[in-house]
Amino acid sequence: CFFQALNFVHDYLTRLKERFHYHQKCSKVVAECMKKYTDELCLIFDENLAWLESFFELGGERHKALFVIMPSGSHWKLRGIPPNIDDRMNVRLQLPKEWAGLLETDLKEKSQIPGAVFCHKGRFISVWETQKDAIKALEYTLAQSRDVSLENT
């Protein structure tokens, strides 16, 4: 029983150490990206990584970014950034209302972006075939947001 407990503790501590190193790696990548895109409304990552906690640990509440773009499997995702770490269910800026819940053909038609794959009905995340498609979606979303802001003034 002692050796079983010892193996359990050893495996647990090994996983804890690996998780710590992964978090450190992600934090470094996020810090570099936040610095690179200081005045930008979107952070673009070249790899899929756990970014949310590091973003807010590094002062993300004060960062201008509204979205992140990163690979997700064979696709790219455009994801809204929450206003703060405690309000993860909301985003600073939602994706267009007309995209909500649409898949492939319907989203391609509505967005006029040929690489459209999916937009969540909650309008916080969308998936695109390429990074360029995700950037087009970002540009459309930001342009639409500016148009709506101008209409309300």
# chains A, B, ... in the order shown; residues from 1 in each chain; ligands from 1
>>> select_by_dssp(residues="region 67-112 of chain A", states="strand (DSSP E or B)", output="list in words")
Phe67, Val68, Ile69, Met70, Pro71, Ser72, His75, Trp76, Lys77, Leu78, Arg79, Gly80 and Leu103 of chain A
>>> select_by_dssp(residues="chain A", states="alpha helix (DSSP H)", output="PyMOL selection string")
chain A and resi 2-36+52-57+104-111+131-151
>>> closest_atom_pairs(of="region 60-144 of chain A", to="region 29-47 of chain A", cutoff="7 Å", atoms="only C-alpha atoms", output="Markdown table")
| residue | atom | partner | partner_atom | distance |
| --- | --- | --- | --- | --- |
| A:Lys64 | CA | A:Leu41 | CA | 5.6 |
| A:Ala65 | CA | A:Leu41 | CA | 3.9 |
| A:Leu66 | CA | A:Leu41 | CA | 5.2 |
| A:Phe67 | CA | A:Cys42 | CA | 4.7 |
| A:Val68 | CA | A:Leu43 | CA | 4.7 |
| A:Ile69 | CA | A:Ile44 | CA | 4.8 |
| A:Met70 | CA | A:Phe45 | CA | 4.9 |
| A:Pro71 | CA | A:Glu47 | CA | 5.7 |
>>> atom_distance(atom1="CA of Leu93 (chain A)", atom2="CA of Gln144 (chain A)")
10.9 Å
>>> closest_residue(among="A:Asn84, A:Leu95, A:Asp11, A:Gly73", to="Leu142 (chain A)", atoms="only C-alpha atoms")
A:Leu95
>>> atom_distance(atom1="CA of Thr141 (chain A)", atom2="CA of His63 (chain A)")
18.7 Å
>>> atom_distance(atom1="CA of Leu6 (chain A)", atom2="CA of His23 (chain A)")
25.6 Å
>>> closest_residue(among="A:Pro82, A:Gly59, A:Gly122, A:Gly115", to="Lys136 (chain A)", atoms="only C-alpha atoms")
A:Gly115
>>> closest_residue(among="A:Leu102, A:Trp76, A:Pro96, A:Thr14", to="Ala143 (chain A)", atoms="only C-alpha atoms")
A:Pro96
>>> closest_residue(among="A:Asn48, A:Gln24, A:Tyr140, A:Val9", to="Ser74 (chain A)", atoms="only C-alpha atoms")
A:Asn48
>>> residues_around(residues="Arg123 (chain A)", least_positions_apart="2", cutoff="7 Å", atoms="only C-alpha atoms", output="compact mmCIF listing (two decimals) with all heavy atoms, in the first residue's frame")
# COMPACT_ATOMS: atom_id res chain seq x y z
N GLN A 94 -19.27 41.47 -28.88
CA GLN A 94 -19.83 40.25 -29.47
C GLN A 94 -19.63 40.23 -30.98
O GLN A 94 -19.50 41.27 -31.62
CB GLN A 94 -21.32 40.16 -29.17
CG GLN A 94 -21.62 39.86 -27.72
CD GLN A 94 -23.11 39.69 -27.51
OE1 GLN A 94 -23.92 40.49 -27.98
NE2 GLN A 94 -23.47 38.64 -26.79
N LEU A 95 -19.62 39.03 -31.52
CA LEU A 95 -19.59 38.85 -32.96
C LEU A 95 -20.94 39.30 -33.52
O LEU A 95 -21.92 39.43 -32.78
CB LEU A 95 -19.31 37.38 -33.29
CG LEU A 95 -17.91 36.91 -32.87
CD1 LEU A 95 -17.81 35.40 -32.91
CD2 LEU A 95 -16.84 37.54 -33.76
N ALA A 100 -25.00 34.54 -35.46
CA ALA A 100 -25.26 33.70 -34.29
C ALA A 100 -25.84 32.33 -34.66
O ALA A 100 -26.88 32.23 -35.31
CB ALA A 100 -26.20 34.42 -33.33
N CYS A 119 -20.25 29.80 -36.10
CA CYS A 119 -20.31 30.89 -35.12
C CYS A 119 -21.26 30.45 -34.01
O CYS A 119 -22.40 30.07 -34.27
CB CYS A 119 -20.80 32.19 -35.75
SG CYS A 119 -20.84 33.57 -34.57
N HIS A 120 -20.79 30.48 -32.79
CA HIS A 120 -21.60 30.07 -31.64
C HIS A 120 -22.79 31.00 -31.48
O HIS A 120 -22.69 32.20 -31.73
CB HIS A 120 -20.74 30.09 -30.38
CG HIS A 120 -21.39 29.42 -29.22
ND1 HIS A 120 -22.31 30.06 -28.42
CD2 HIS A 120 -21.26 28.16 -28.73
CE1 HIS A 120 -22.73 29.23 -27.48
NE2 HIS A 120 -22.10 28.07 -27.64
N LYS A 121 -23.90 30.45 -31.05
CA LYS A 121 -25.11 31.27 -30.88
C LYS A 121 -24.92 32.35 -29.81
O LYS A 121 -25.61 33.36 -29.82
CB LYS A 121 -26.33 30.40 -30.57
CG LYS A 121 -26.30 29.71 -29.23
CD LYS A 121 -27.54 28.87 -29.02
CE LYS A 121 -27.48 28.18 -27.67
NZ LYS A 121 -28.69 27.39 -27.43
N ILE A 125 -17.49 33.17 -29.98
CA ILE A 125 -16.45 32.45 -30.71
C ILE A 125 -16.95 32.04 -32.09
O ILE A 125 -18.13 31.74 -32.26
CB ILE A 125 -15.97 31.20 -29.93
CG1 ILE A 125 -14.71 30.62 -30.56
CG2 ILE A 125 -17.07 30.17 -29.80
CD1 ILE A 125 -14.00 29.60 -29.68
>>> residues_around(residues="Leu58 (chain A)", least_positions_apart="2", cutoff="9 Å", atoms="only C-alpha atoms", output="NGL selection string")
:A and (27 or 30-31 or 34 or 53-56 or 60-61)
>>> write_last_selection(atoms="N, CA and C atoms", output="compact mmCIF listing (two decimals), in the first residue's frame")
# COMPACT_ATOMS: atom_id res chain seq x y z
N SER A 27 2.32 31.74 -20.46
CA SER A 27 2.44 33.10 -19.93
C SER A 27 3.48 33.90 -20.69
N VAL A 30 2.00 34.73 -24.15
CA VAL A 30 0.96 35.74 -24.01
C VAL A 30 1.59 37.11 -23.74
N ALA A 31 2.59 37.17 -22.87
CA ALA A 31 3.26 38.43 -22.57
C ALA A 31 3.89 39.03 -23.82
N MET A 34 1.07 40.31 -26.06
CA MET A 34 0.46 41.53 -25.52
C MET A 34 1.37 42.73 -25.79
N GLU A 53 -6.02 32.92 -18.48
CA GLU A 53 -5.51 33.24 -17.15
C GLU A 53 -4.26 34.11 -17.23
N SER A 54 -3.35 33.74 -18.11
CA SER A 54 -2.11 34.53 -18.26
C SER A 54 -2.42 35.95 -18.71
N PHE A 55 -3.36 36.10 -19.63
CA PHE A 55 -3.73 37.41 -20.13
C PHE A 55 -4.13 38.34 -18.98
N PHE A 56 -5.00 37.85 -18.11
CA PHE A 56 -5.46 38.70 -17.01
C PHE A 56 -4.42 38.83 -15.90
N GLY A 60 -4.36 42.15 -18.40
CA GLY A 60 -5.27 42.13 -19.53
C GLY A 60 -6.49 43.02 -19.39
N GLU A 61 -6.91 43.30 -18.17
CA GLU A 61 -8.07 44.17 -17.99
C GLU A 61 -7.82 45.56 -18.56
>>> decode(residues="region 33-61 of chain A", atoms="N, CA and C atoms", output="tab-separated table (two decimals), in the first residue's frame")
chain	number	residue	atom	x	y	z
A	33	CYS	N	3.03	38.48	-26.92
A	33	CYS	CA	1.95	38.88	-27.83
A	33	CYS	C	1.29	40.18	-27.36
A	34	MET	N	1.07	40.31	-26.06
A	34	MET	CA	0.46	41.53	-25.52
A	34	MET	C	1.37	42.73	-25.79
A	35	LYS	N	2.66	42.53	-25.68
A	35	LYS	CA	3.61	43.61	-25.94
A	35	LYS	C	3.64	43.95	-27.43
A	36	LYS	N	3.65	42.93	-28.27
A	36	LYS	CA	3.68	43.13	-29.72
A	36	LYS	C	2.44	43.86	-30.21
A	37	TYR	N	1.29	43.52	-29.65
A	37	TYR	CA	0.01	44.10	-30.08
A	37	TYR	C	-0.54	45.07	-29.03
A	38	THR	N	0.32	45.89	-28.46
A	38	THR	CA	-0.07	46.80	-27.39
A	38	THR	C	-1.27	47.66	-27.74
A	39	ASP	N	-1.27	48.22	-28.93
A	39	ASP	CA	-2.35	49.13	-29.32
A	39	ASP	C	-3.33	48.51	-30.29
A	40	GLU	N	-3.34	47.21	-30.38
A	40	GLU	CA	-4.22	46.52	-31.33
A	40	GLU	C	-5.47	45.99	-30.62
A	41	LEU	N	-6.51	45.74	-31.39
A	41	LEU	CA	-7.76	45.23	-30.86
A	41	LEU	C	-7.85	43.71	-30.90
A	42	CYS	N	-6.77	43.07	-31.38
A	42	CYS	CA	-6.76	41.61	-31.45
A	42	CYS	C	-5.35	41.09	-31.20
A	43	LEU	N	-5.25	40.02	-30.43
A	43	LEU	CA	-4.00	39.30	-30.22
A	43	LEU	C	-4.02	38.09	-31.15
A	44	ILE	N	-2.95	37.88	-31.89
A	44	ILE	CA	-2.88	36.75	-32.80
A	44	ILE	C	-1.78	35.81	-32.34
A	45	PHE	N	-2.17	34.59	-32.01
A	45	PHE	CA	-1.23	33.56	-31.57
A	45	PHE	C	-0.99	32.57	-32.71
A	46	ASP	N	0.23	32.08	-32.81
A	46	ASP	CA	0.60	31.12	-33.85
A	46	ASP	C	0.32	29.68	-33.43
A	47	GLU	N	-0.06	29.50	-32.18
A	47	GLU	CA	-0.35	28.16	-31.67
A	47	GLU	C	-1.55	28.22	-30.74
A	48	ASN	N	-2.22	27.09	-30.59
A	48	ASN	CA	-3.34	26.99	-29.67
A	48	ASN	C	-2.77	26.84	-28.27
A	49	LEU	N	-3.14	27.74	-27.36
A	49	LEU	CA	-2.61	27.66	-26.01
A	49	LEU	C	-3.61	28.21	-25.01
A	50	ALA	N	-3.39	27.88	-23.76
A	50	ALA	CA	-4.22	28.39	-22.67
A	50	ALA	C	-3.77	29.83	-22.41
A	51	TRP	N	-4.54	30.79	-22.85
A	51	TRP	CA	-4.12	32.19	-22.80
A	51	TRP	C	-4.87	33.02	-21.77
A	52	LEU	N	-6.08	32.63	-21.42
A	52	LEU	CA	-6.99	33.49	-20.65
A	52	LEU	C	-6.43	33.89	-19.28
A	53	GLU	N	-6.02	32.92	-18.48
A	53	GLU	CA	-5.51	33.24	-17.15
A	53	GLU	C	-4.26	34.11	-17.23
A	54	SER	N	-3.35	33.74	-18.11
A	54	SER	CA	-2.11	34.53	-18.26
A	54	SER	C	-2.42	35.95	-18.71
A	55	PHE	N	-3.36	36.10	-19.63
A	55	PHE	CA	-3.73	37.41	-20.13
A	55	PHE	C	-4.13	38.34	-18.98
A	56	PHE	N	-5.00	37.85	-18.11
A	56	PHE	CA	-5.46	38.70	-17.01
A	56	PHE	C	-4.42	38.83	-15.90
A	57	GLU	N	-3.61	37.81	-15.67
A	57	GLU	CA	-2.51	37.92	-14.71
A	57	GLU	C	-1.51	38.99	-15.14
A	58	LEU	N	-1.39	39.21	-16.44
A	58	LEU	CA	-0.43	40.17	-16.99
A	58	LEU	C	-1.06	41.54	-17.25
A	59	GLY	N	-2.20	41.81	-16.67
A	59	GLY	CA	-2.83	43.12	-16.80
A	59	GLY	C	-3.79	43.24	-17.96
A	60	GLY	N	-4.36	42.15	-18.40
A	60	GLY	CA	-5.27	42.13	-19.53
A	60	GLY	C	-6.49	43.02	-19.39
A	61	GLU	N	-6.91	43.30	-18.17
A	61	GLU	CA	-8.07	44.17	-17.99
A	61	GLU	C	-7.82	45.56	-18.56
